[in-house]
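Okay, data13.csv is below, CSV, C-alpha atoms and all ligand atoms:
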chain,number,residue,atom,x,y,z
P,108,MET,CA,73.7,137.1,20.8
P,109,ILE,CA,75.2,140.5,20.1
P,110,ARG,CA,76.6,142.1,23.3
P,111,GLY,CA,74.5,144.7,24.9
P,112,ASP,CA,77.3,147.3,24.9
P,113,ILE,CA,77.8,146.7,21.1
P,114,LYS,CA,74.1,147.2,20.5
P,115,ALA,CA,74.3,150.5,22.4
P,116,LEU,CA,77.1,151.8,20.1
P,117,ALA,CA,76.5,154.1,17.1
P,118,ALA,CA,78.0,152.7,13.9
P,119,TYR,CA,80.9,154.7,12.4
P,120,HIS,CA,79.0,157.2,10.2
P,121,VAL,CA,80.3,158.3,6.8
P,122,PRO,CA,78.0,160.9,5.2
P,123,ASP,CA,76.9,160.8,1.6
P,124,SER,CA,79.2,163.1,-0.4
P,125,SER,CA,77.9,162.5,-3.9
P,126,GLY,CA,78.1,165.6,-6.0
P,127,LEU,CA,79.8,167.6,-3.3
P,128,ILE,CA,83.4,168.9,-2.9
P,129,LYS,CA,84.6,166.5,-0.3
P,130,LEU,CA,86.5,168.3,2.5
P,131,ASP,CA,85.3,166.2,5.4
P,132,ALA,CA,87.8,163.3,5.6
P,133,MET,CA,91.4,164.7,5.3
P,134,GLU,CA,92.0,163.2,1.9
P,135,ASN,CA,94.5,164.5,-0.6
P,136,PRO,CA,92.4,166.3,-3.3
P,137,TYR,CA,94.8,165.6,-6.2
P,138,VAL,CA,94.6,162.5,-8.4
P,139,LEU,CA,97.5,160.7,-10.0
P,140,PRO,CA,99.1,162.6,-13.0
P,141,GLU,CA,97.8,161.0,-16.2
P,142,GLY,CA,101.0,159.2,-17.3
P,143,LEU,CA,101.6,157.8,-13.8
P,144,HIS,CA,97.9,156.7,-13.7
P,145,ARG,CA,98.4,154.7,-16.9
P,146,GLU,CA,101.7,153.1,-15.6
P,147,TRP,CA,99.9,152.2,-12.4
P,148,LEU,CA,97.1,150.4,-14.2
P,149,ASN,CA,99.7,148.5,-16.3
P,150,HIS,CA,101.4,147.4,-13.1
P,151,LEU,CA,98.1,146.2,-11.6
P,152,GLY,CA,97.7,144.0,-14.7
P,153,THR,CA,100.6,141.8,-13.4
P,154,VAL,CA,98.6,140.7,-10.3
P,155,ASP,CA,97.2,137.1,-10.3
P,156,LEU,CA,93.8,137.5,-8.6
P,157,ASN,CA,93.4,133.7,-8.2
P,158,ARG,CA,96.2,133.6,-5.7
P,159,TYR,CA,96.3,134.9,-2.1
P,160,PRO,CA,98.5,137.9,-1.8
P,161,ASP,CA,102.0,137.8,-0.4
P,162,ALA,CA,101.5,137.1,3.3
P,163,ASP,CA,104.8,138.3,4.6
P,164,MET,CA,105.3,141.4,2.3
P,165,ALA,CA,109.0,141.4,2.9
P,166,GLY,CA,109.6,143.5,-0.2
P,167,LEU,CA,107.1,146.2,0.7
P,168,ARG,CA,108.3,146.3,4.3
P,169,ARG,CA,111.9,146.7,3.0
P,170,LYS,CA,110.9,149.6,0.8
P,171,ILE,CA,109.1,151.4,3.7
P,172,ALA,CA,111.9,150.6,6.2
P,173,GLN,CA,114.5,152.1,3.8
P,174,ARG,CA,112.5,155.3,3.6
P,175,GLU,CA,112.4,155.5,7.4
P,176,GLY,CA,116.0,154.5,8.0
P,177,LEU,CA,115.0,151.4,9.9
P,178,ALA,CA,115.2,147.6,9.4
P,179,PRO,CA,112.3,145.7,7.7
P,180,GLU,CA,111.8,143.8,10.9
P,181,GLN,CA,110.7,147.1,12.5
P,182,VAL,CA,107.8,147.5,10.1
P,183,LEU,CA,104.2,146.1,10.6
P,184,LEU,CA,101.6,146.7,7.8
P,185,GLY,CA,97.9,147.2,8.4
P,186,ASN,CA,94.7,147.6,6.4
P,187,GLY,CA,94.8,151.3,7.2
P,188,SER,CA,96.3,152.5,10.5
P,189,ASP,CA,92.9,151.8,12.1
P,190,GLU,CA,93.6,148.0,11.8
P,191,ILE,CA,97.0,148.5,13.5
P,192,ILE,CA,95.3,150.4,16.4
P,193,GLN,CA,93.1,147.3,16.7
P,194,MET,CA,96.1,144.9,16.7
P,195,LEU,CA,97.8,147.0,19.4
P,196,LEU,CA,94.7,146.9,21.6
P,197,LEU,CA,94.3,143.2,21.0
P,198,ALA,CA,97.9,142.2,21.8
P,199,THR,CA,98.6,144.4,24.9
P,200,ASN,CA,97.6,143.5,28.5
P,201,PRO,CA,94.0,144.6,29.1
P,202,GLY,CA,94.9,147.6,31.3
P,203,THR,CA,93.8,151.2,30.7
P,204,CYS,CA,94.3,153.0,27.4
P,205,VAL,CA,95.1,156.6,28.0
P,206,VAL,CA,94.4,159.3,25.4
P,207,PRO,CA,94.1,163.1,25.3
P,208,LYS,CA,90.6,164.6,24.8
P,209,PRO,CA,89.6,165.5,22.2
P,210,THR,CA,91.5,163.2,19.9
P,211,PHE,CA,91.0,160.7,17.1
P,212,VAL,CA,87.9,158.6,18.0
P,213,MET,CA,89.1,155.2,17.0
P,214,TYR,CA,91.3,154.7,20.1
P,215,ASP,CA,88.3,155.0,22.3
P,216,LEU,CA,85.9,153.1,20.0
P,217,ILE,CA,88.2,150.1,19.4
P,218,SER,CA,88.9,150.0,23.2
P,219,ARG,CA,85.2,149.7,23.8
P,220,TRP,CA,84.9,146.8,21.2
P,221,LEU,CA,87.6,145.0,23.2
P,222,LYS,CA,86.1,145.9,26.6
P,223,ARG,CA,89.2,147.9,27.6
P,224,PRO,CA,89.0,150.8,30.0
P,225,VAL,CA,89.9,154.2,28.6
P,226,ALA,CA,91.0,157.3,30.6
P,227,SER,CA,91.2,160.6,28.9
P,228,VAL,CA,93.3,163.7,29.7
P,229,PRO,CA,91.6,167.0,28.7
P,230,LEU,CA,93.6,169.3,26.6
P,231,ARG,CA,93.9,173.0,27.7
P,232,ALA,CA,91.6,175.5,26.1
P,233,ASP,CA,94.3,176.3,23.5
P,234,PHE,CA,94.6,172.5,22.8
P,235,SER,CA,98.0,172.2,24.4
P,236,LEU,CA,98.8,169.1,26.4
P,237,ASP,CA,100.0,169.0,30.0
P,238,ALA,CA,102.7,166.3,30.0
P,239,ASP,CA,102.8,166.1,33.8
P,240,GLN,CA,99.0,165.7,34.0
P,241,PHE,CA,99.2,163.0,31.3
P,242,LEU,CA,101.9,161.1,33.2
P,243,GLN,CA,99.9,161.4,36.4
P,244,VAL,CA,96.8,159.9,34.8
P,245,CYS,CA,98.9,157.1,33.3
P,246,ALA,CA,100.3,156.3,36.8
P,247,ARG,CA,96.9,156.6,38.6
P,248,GLU,CA,95.0,154.5,36.0
P,249,LYS,CA,97.6,151.8,35.7
P,250,MET,CA,98.0,152.6,32.1
P,251,GLU,CA,98.9,149.8,29.7
P,252,ILE,CA,98.9,151.7,26.4
P,253,ALA,CA,98.6,155.4,25.4
P,254,PHE,CA,98.0,157.0,22.1
P,255,LEU,CA,99.3,160.5,21.2
P,256,ALA,CA,98.2,161.8,17.7
P,257,CYS,CA,101.0,164.1,16.6
P,258,PRO,CA,99.6,166.3,15.0
P,259,ASN,CA,96.3,165.8,16.8
P,260,ASN,CA,93.0,165.2,15.1
P,261,PRO,CA,90.6,167.1,15.2
P,262,THR,CA,92.5,170.0,16.7
P,263,GLY,CA,95.4,170.0,14.1
P,264,ASN,CA,98.1,171.1,16.4
P,265,LEU,CA,101.5,169.4,17.0
P,266,TRP,CA,102.5,169.3,20.7
P,267,PRO,CA,106.0,170.6,21.3
P,268,GLU,CA,108.9,168.1,21.1
P,269,GLU,CA,109.5,168.6,24.8
P,270,THR,CA,105.9,167.5,25.7
P,271,VAL,CA,106.1,164.3,23.6
P,272,SER,CA,109.6,163.3,24.7
P,273,ARG,CA,108.7,163.9,28.4
P,274,ILE,CA,105.8,161.6,28.1
P,275,ALA,CA,107.9,159.1,26.2
P,276,ARG,CA,110.6,159.1,28.9
P,277,GLY,CA,108.2,159.1,31.8
P,278,ILE,CA,105.7,156.5,30.7
P,279,ASN,CA,105.5,153.0,32.2
P,280,GLY,CA,103.8,151.0,29.4
P,281,GLN,CA,103.4,151.3,25.6
P,282,LEU,CA,103.3,154.7,24.0
P,283,VAL,CA,102.0,154.9,20.4
P,284,ILE,CA,102.8,158.2,18.6
P,285,ASP,CA,100.2,158.4,15.8
P,286,GLU,CA,101.7,160.4,12.9
P,287,ALA,CA,98.9,160.1,10.4
P,288,TYR,CA,99.5,163.7,9.4
P,289,ALA,CA,103.3,163.5,9.3
P,290,PRO,CA,103.4,164.6,5.6
P,291,PHE,CA,102.1,168.0,6.6
P,292,ALA,CA,104.0,168.5,9.9
P,293,GLU,CA,107.4,170.1,10.6
P,294,ARG,CA,108.6,167.2,12.8
P,295,SER,CA,108.2,163.5,13.4
P,296,HIS,CA,109.3,161.3,16.2
P,297,ASN,CA,111.2,158.3,14.8
P,298,HIS,CA,114.1,159.2,17.1
P,299,LEU,CA,111.9,158.2,20.1
P,300,ILE,CA,111.3,154.6,18.9
P,301,GLY,CA,112.3,152.0,21.4
P,302,PRO,CA,110.9,149.1,23.4
P,303,ASN,CA,108.2,151.4,24.9
P,304,VAL,CA,107.6,153.8,22.0
P,305,MET,CA,106.2,153.1,18.6
P,306,VAL,CA,105.3,155.4,15.7
P,307,LEU,CA,102.2,154.8,13.6
P,308,ARG,CA,101.8,156.1,10.0
P,309,THR,CA,99.4,155.9,7.1
P,310,PHE,CA,99.5,156.5,3.4
P,311,SER,CA,95.9,157.6,3.5
P,312,LYS,CA,96.5,161.4,3.9
P,313,LEU,CA,99.4,161.4,1.4
P,314,GLY,CA,97.0,160.4,-1.4
P,315,TRP,CA,96.3,156.7,-1.1
P,316,ALA,CA,93.2,156.7,1.1
P,317,GLY,CA,91.5,154.2,-1.2
P,318,LEU,CA,94.3,151.7,-0.9
P,319,ARG,CA,94.0,151.3,2.9
P,320,LEU,CA,97.7,151.0,4.0
P,321,GLY,CA,99.1,151.9,7.3
P,322,TYR,CA,102.3,150.9,9.1
P,323,LEU,CA,103.7,150.7,12.5
P,324,LEU,CA,107.4,151.4,13.3
P,325,GLY,CA,108.8,149.9,16.5
P,326,ASP,CA,111.3,147.7,18.2
P,327,ALA,CA,111.8,144.5,16.2
P,328,ASP,CA,110.8,142.2,19.1
P,329,GLN,CA,107.6,144.1,19.7
P,330,ILE,CA,106.7,144.1,16.0
P,331,ALA,CA,107.3,140.3,15.8
P,332,HIS,CA,104.8,139.8,18.7
P,333,LEU,CA,102.2,142.1,17.2
P,334,ASN,CA,102.6,140.3,13.9
P,335,LYS,CA,101.0,137.3,15.6
P,336,VAL,CA,97.6,139.0,15.8
P,337,ARG,CA,97.7,140.3,12.2
P,338,MET,CA,95.0,138.7,10.0
P,339,PRO,CA,96.6,136.4,7.4
P,340,TYR,CA,96.8,138.4,4.1
P,341,ASN,CA,95.5,141.6,5.7
P,342,ILE,CA,96.9,143.7,2.8
P,343,ASN,CA,95.1,142.7,-0.4
P,344,ALA,CA,97.1,142.0,-3.7
P,345,LEU,CA,95.9,145.2,-5.4
P,346,THR,CA,97.0,147.3,-2.5
P,347,GLN,CA,100.4,145.6,-2.3
P,348,ALA,CA,101.0,146.0,-6.0
P,349,SER,CA,99.9,149.6,-6.0
P,350,ALA,CA,102.1,150.5,-3.0
P,351,ASP,CA,105.0,148.7,-4.5
P,352,PHE,CA,104.7,150.8,-7.6
P,353,LEU,CA,103.8,154.1,-5.9
P,354,LEU,CA,106.6,153.9,-3.4
P,355,ASP,CA,108.9,154.4,-6.3
P,356,HIS,CA,107.1,157.7,-7.1
P,357,LEU,CA,106.8,159.3,-3.7
P,358,ASP,CA,108.2,162.6,-5.1
P,359,VAL,CA,104.8,163.1,-6.8
P,360,PHE,CA,102.9,162.8,-3.5
P,361,GLU,CA,105.5,164.9,-1.6
P,362,GLU,CA,105.0,167.7,-4.1
P,363,GLN,CA,101.2,167.4,-3.6
P,364,ALA,CA,101.7,167.5,0.2
P,365,ALA,CA,103.8,170.7,-0.3
P,366,LEU,CA,101.0,172.3,-2.3
P,367,ILE,CA,98.5,171.3,0.5
P,368,ARG,CA,100.8,172.9,3.1
P,369,SER,CA,101.0,176.2,1.2
P,370,GLU,CA,97.3,176.2,0.7
P,371,ARG,CA,96.9,175.6,4.4
P,372,THR,CA,98.9,178.8,5.1
P,373,ARG,CA,96.9,180.8,2.6
P,374,MET,CA,93.6,179.5,4.0
P,375,PHE,CA,94.7,180.2,7.6
P,376,SER,CA,95.5,183.8,6.8
P,377,ALA,CA,92.2,184.3,4.9
P,378,LEU,CA,90.1,182.8,7.6
P,379,GLU,CA,92.0,184.7,10.3
P,380,ARG,CA,90.9,187.9,8.6
P,381,MET,CA,87.2,186.9,8.8
P,382,ALA,CA,85.4,188.6,11.7
P,383,SER,CA,83.7,186.1,14.0
P,384,VAL,CA,85.9,183.2,12.9
P,385,THR,CA,88.7,181.8,15.2
P,386,VAL,CA,91.1,179.5,13.3
P,387,PHE,CA,93.4,177.3,15.2
P,388,PRO,CA,97.1,176.7,14.1
P,389,SER,CA,97.4,173.4,12.2
P,390,GLN,CA,100.3,171.1,11.2
P,391,ALA,CA,97.9,168.8,9.4
P,392,ASN,CA,95.9,168.9,6.1
P,393,PHE,CA,92.9,170.4,7.8
P,394,LEU,CA,91.9,173.5,9.8
P,395,LEU,CA,89.7,173.6,12.8
P,396,LEU,CA,87.6,176.8,13.1
P,397,ARG,CA,85.3,178.1,15.8
P,398,VAL,CA,82.3,180.0,14.5
P,399,ALA,CA,79.2,181.6,16.0
P,400,ASP,CA,76.8,179.2,14.4
P,401,PRO,CA,78.5,175.9,13.3
P,402,LYS,CA,75.2,174.4,12.0
P,403,ALA,CA,74.6,177.4,9.7
P,404,VAL,CA,78.2,177.1,8.4
P,405,PHE,CA,77.9,173.4,7.8
P,406,GLU,CA,74.5,173.7,6.1
P,407,GLY,CA,75.4,176.8,4.2
P,408,LEU,CA,78.6,175.2,2.8
P,409,LYS,CA,76.6,172.1,1.9
P,410,GLU,CA,74.1,174.2,0.0
P,411,ALA,CA,77.1,175.7,-1.8
P,412,GLY,CA,78.2,172.1,-2.7
P,413,ILE,CA,80.9,171.6,-0.1
P,414,LEU,CA,81.0,168.9,2.5
P,415,ILE,CA,82.9,169.6,5.8
P,416,LYS,CA,82.7,168.1,9.3
P,417,ASN,CA,80.7,169.8,12.0
P,418,MET,CA,82.5,169.0,15.3
P,419,HIS,CA,80.1,170.8,17.5
P,420,GLY,CA,78.7,168.4,20.0
P,421,ALA,CA,81.5,165.9,19.6
P,422,ASP,CA,83.2,167.2,22.7
P,423,PRO,CA,82.5,170.2,25.0
P,424,MET,CA,85.9,171.6,24.0
P,425,LEU,CA,84.9,171.6,20.4
P,426,ALA,CA,81.8,173.8,20.9
P,427,GLY,CA,81.2,175.9,17.8
P,428,CYS,CA,83.9,174.1,15.9
P,429,VAL,CA,83.9,172.8,12.3
P,430,ARG,CA,86.8,171.0,10.6
P,431,ILE,CA,87.7,171.7,7.0
P,432,THR,CA,90.1,169.6,5.0
P,433,ILE,CA,92.5,171.6,2.7
P,434,GLY,CA,91.5,171.1,-0.9
P,435,THR,CA,92.8,172.3,-4.2
P,436,LYS,CA,93.2,176.1,-4.7
P,437,GLU,CA,89.8,176.2,-6.6
P,438,GLU,CA,88.1,174.2,-3.8
P,439,ASN,CA,89.6,176.4,-1.1
P,440,ASP,CA,88.5,179.5,-3.0
P,441,ALA,CA,85.0,178.1,-3.1
P,442,VAL,CA,85.1,177.6,0.7
P,443,LEU,CA,86.2,181.1,1.3
P,444,ALA,CA,83.6,182.6,-1.1
P,445,ALA,CA,80.8,180.5,0.5
P,446,LEU,CA,81.9,181.4,4.0
P,447,GLN,CA,81.9,185.1,3.2
P,448,GLU,CA,78.3,184.7,2.0
P,449,ILE,CA,77.2,182.7,5.1
P,450,ILE,CA,78.9,184.7,7.8
P,451,GLY,CA,79.6,188.0,6.0
P,501,LIG,N1,95.1,158.3,13.0
P,501,LIG,C1,94.6,159.5,13.0
P,501,LIG,C2,95.1,160.6,13.9
P,501,LIG,C3,93.6,159.8,12.0
P,501,LIG,O1,93.1,161.1,12.0
P,501,LIG,C4,93.2,158.8,11.1
P,501,LIG,C5,92.1,159.0,10.0
P,501,LIG,N2,91.3,160.0,10.2
P,501,LIG,C6,93.7,157.5,11.2
P,501,LIG,C7,94.7,157.3,12.2
P,501,LIG,C8,93.3,156.4,10.4
P,501,LIG,O2,93.8,156.4,9.1
P,501,LIG,P1,93.8,155.2,8.2
P,501,LIG,O3,93.0,154.1,8.8
P,501,LIG,O4,93.2,155.7,6.9
P,501,LIG,O5,95.2,154.8,8.0
Please re-express this file's structure in structure tokens.
Ligand code: PMP
Amino acid sequence: MIRGDIKALAAYHVPDSSGLIKLDAMENPYVLPEGLHREWLNHLGTVDLNRYPDADMAGLRRKIAQREGLAPEQVLLGNGSDEIIQMLLLATNPGTCVVPKPTFVMYDLISRWLKRPVASVPLRADFSLDADQFLQVCAREKMEIAFLACPNNPTGNLWPEETVSRIARGINGQLVIDEAYAPFAERSHNHLIGPNVMVLRTFSKLGWAGLRLGYLLGDADQIAHLNKVRMPYNINALTQASADFLLDHLDVFEEQAALIRSERTRMFSALERMASVTVFPSQANFLLLRVADPKAVFEGLKEAGILIKNMHGADPMLAGCVRITIGTKEENDAVLAALQEIIG
């Protein structure tokens, strides 16, 4: 029998985007340059599909560790960072999971799957986080694990270094700093890694969303224990081969990320000039806006062939908000032109 609480859940909904400019899911809008695309396909041709993939992935972990200035034993690979969140919630004691609110939905959703209690700490109206309040809730709720998305999704802001390090120092349990948007942020938190603090990353936003590859950086002993709840062969052979190849060409993706960052600055200024739009500062590859009529903006953009995410209703703090992923220059121009039409 399916559990009653599972029956009561809504399935993770992915809207149909066919024929639309897709600015709803924080993907990189650029494809591989043509020459590199051909080389990548040739590389994939070396994979033996009749065999299980490399279970240990020592080579891949070594490449990632080198890039991060850490040891391969400090790297755990997941089928997207979502899978790593699940491994963390599976392997830690079943105490409370503490998160800010609003934040990335999977911390709460996976906790529910695993019947783990969740406590949330509301952000202030400007989406800043009160470190003392966060630590108080952790102490009161007998927190076992906490997730801080830095930058945060869906608000896009990066909490000050002082806020994050205060929480890291004061916490009595496991802190996971989720840096899914690190390629677009001015700062990351590898220096805080220790027995209590781990950093979670993904290649999804850098341009490999289709591969599903995330990684966790942490203390080698902690990583060794988490590795025990990793599904055998969780990273398929095509993803492994692709990542092995693409990690030697990261400059291409870093250039694309730089383009996205400069488009973010341009979009921010253009949106800031629009009357009746409030745009929030972002260190990620998306912008959160507050508008008078979010439904009209969502529907109007859809009619103009652009899919964004309507966040109104997801949380009281997100009233009137929509989230728009940064696209190519042409896509962003299309957003601005359509918005002018819709809200004048
Ligand atoms: N963390 C955050 C903060 C996210 O916004 C997302 C995706 N939206 C993820 C993790 C999951 O990324 P993936 O599973 O693609 O690695």
*May I have the residues within 8 Å of ligand LIG 501 (chain P), computed using all atoms listed in the file, as a ChimeraX atom specification?*
/P:132-133,186-190,210-211,213,256-261,285-288,307-312,316,319-321
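With all atoms listed in the file as the atoms that count, the minimum distance from Leu333 of chain P to the choices P:Cys204, P:Leu265, P:Ile191, P:Ala403 is reached by P:Ile191.
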Hey, could you make a per-residue contact list for segment 217-303 of chain P against segment 353-361 of chain P with 12 Å as the cut-off, showing the nearest pair of atoms and its distance in Å to one decimal, counting only C-alpha atoms, sorted by chain and number, as JSON lines?
{"residue": "P:Ala289", "atom": "CA", "partner": "P:Glu361", "partner_atom": "CA", "distance": 11.2}
{"residue": "P:Pro290", "atom": "CA", "partner": "P:Glu361", "partner_atom": "CA", "distance": 7.5}
{"residue": "P:Phe291", "atom": "CA", "partner": "P:Glu361", "partner_atom": "CA", "distance": 9.4}
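When atom CA of Met194 of chain P is paired with atom CA of Met418 of chain P, their separation reads 27.7 Å.
The nearest approach to Ile449 of chain P among the residues P:Leu167, P:Val404, P:Ala421, P:Leu130, with only C-alpha atoms taken into account, belongs to P:Val404.
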*Record the distance separating atom CA of Ile278 of chain P and atom CA of Ala292 of chain P, expressed in Å with one decimal.*
24.1 Å
Just the residues within 9 Å of segment 326-331 of chain P, please, counting all atoms listed in the file, with nothing from its chain fewer than 6 positions along; format it as a CSV table (one decimal) with C-alpha atoms, in the coordinates of the input.
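Dumped everything to part38.csv:
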chain,number,residue,atom,x,y,z
P,178,ALA,CA,115.2,147.6,9.4
P,179,PRO,CA,112.3,145.7,7.7
P,180,GLU,CA,111.8,143.8,10.9
P,181,GLN,CA,110.7,147.1,12.5
P,182,VAL,CA,107.8,147.5,10.1
P,183,LEU,CA,104.2,146.1,10.6
P,300,ILE,CA,111.3,154.6,18.9
P,301,GLY,CA,112.3,152.0,21.4
P,302,PRO,CA,110.9,149.1,23.4
P,303,ASN,CA,108.2,151.4,24.9
P,304,VAL,CA,107.6,153.8,22.0
P,305,MET,CA,106.2,153.1,18.6
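The space separating atom CA of Ala115 of chain P from atom CA of Asp422 of chain P comes to 18.9 Å.
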Considering all atoms listed in the file, give me a table of residues in segment 146-231 of chain P that are at most 9 Å from segment 238-241 of chain P, with the closest atom pair and distance in Å for each, as CSV.
residue,atom,partner,partner_atom,distance
P:Val205,CA,P:Phe241,CA,8.3
P:Val206,CA,P:Phe241,CA,8.5
P:Pro207,CA,P:Phe241,CA,7.9
P:Ser227,CA,P:Phe241,CA,8.7
P:Val228,CA,P:Phe241,CA,6.2
P:Pro229,CA,P:Phe241,CA,9.0
Expected residue set, 7 Å radius at (97.4, 152.2, -6.2), all atoms listed in the file, as a short mmCIF file (atom, residue, chain, number, x, y, z; two decimals) with C-alpha atoms, keeping the file's coordinate frame:
data_model
loop_
_atom_site.label_atom_id
_atom_site.label_comp_id
_atom_site.auth_asym_id
_atom_site.auth_seq_id
_atom_site.Cartn_x
_atom_site.Cartn_y
_atom_site.Cartn_z
CA TRP P 147 99.90 152.20 -12.40
CA TRP P 315 96.30 156.70 -1.10
CA LEU P 318 94.30 151.70 -0.90
CA THR P 346 97.00 147.30 -2.50
CA SER P 349 99.90 149.60 -6.00
CA ALA P 350 102.10 150.50 -3.00
CA LEU P 353 103.80 154.10 -5.90
#
*Between P:Gln281, P:Thr435, P:Asn149, P:Ser295, single out the one closest to Thr199 of chain P, counting all atoms listed in the file.*
P:Gln281
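Each of P:Arg223, P:Arg380, P:Arg145, P:His419 was compared to Ala399 of chain P using only C-alpha atoms, and P:His419 turns out to be the nearest.
When all atoms listed in the file are used to measure the gap to Phe352 of chain P, the shortest distance among P:Pro201, P:Gly420, P:Gly427, P:Gly166 belongs to P:Gly166.
Here the question is which of P:Ile342, P:Ile113, P:Leu324, P:Ile252 gets nearest to Ala198 of chain P using only C-alpha atoms, and that residue is P:Ile252.
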Within 8 Å of file point (94.9, 168.6, -1.1), counting only C-alpha atoms, expressed as a JSON list (two decimals) with C-alpha atoms, in the coordinates of the input:
[["chain", "number", "residue", "atom", "x", "y", "z"],
["P", 134, "GLU", "CA", 92.00, 163.20, 1.90],
["P", 135, "ASN", "CA", 94.50, 164.50, -0.60],
["P", 136, "PRO", "CA", 92.40, 166.30, -3.30],
["P", 137, "TYR", "CA", 94.80, 165.60, -6.20],
["P", 363, "GLN", "CA", 101.20, 167.40, -3.60],
["P", 364, "ALA", "CA", 101.70, 167.50, 0.20],
["P", 366, "LEU", "CA", 101.00, 172.30, -2.30],
["P", 367, "ILE", "CA", 98.50, 171.30, 0.50],
["P", 392, "ASN", "CA", 95.90, 168.90, 6.10],
["P", 432, "THR", "CA", 90.10, 169.60, 5.00],
["P", 433, "ILE", "CA", 92.50, 171.60, 2.70],
["P", 434, "GLY", "CA", 91.50, 171.10, -0.90],
["P", 435, "THR", "CA", 92.80, 172.30, -4.20]]
*Near Asp440 of chain P, counting only C-alpha atoms, which residues have an atom at most 12 Å away, once you skip same-chain residues fewer than 4 positions from it, shown as a PyMOL selection string?*
chain P and resi 128+370-371+373-374+377-378+413+433-436+444-447
*Near-Phe375 of chain P list (9 Å; all atoms listed in the file; drop same-chain fewer than 5 positions) as an MDAnalysis selection string*: chainID P and resid 370 380 386:389 394
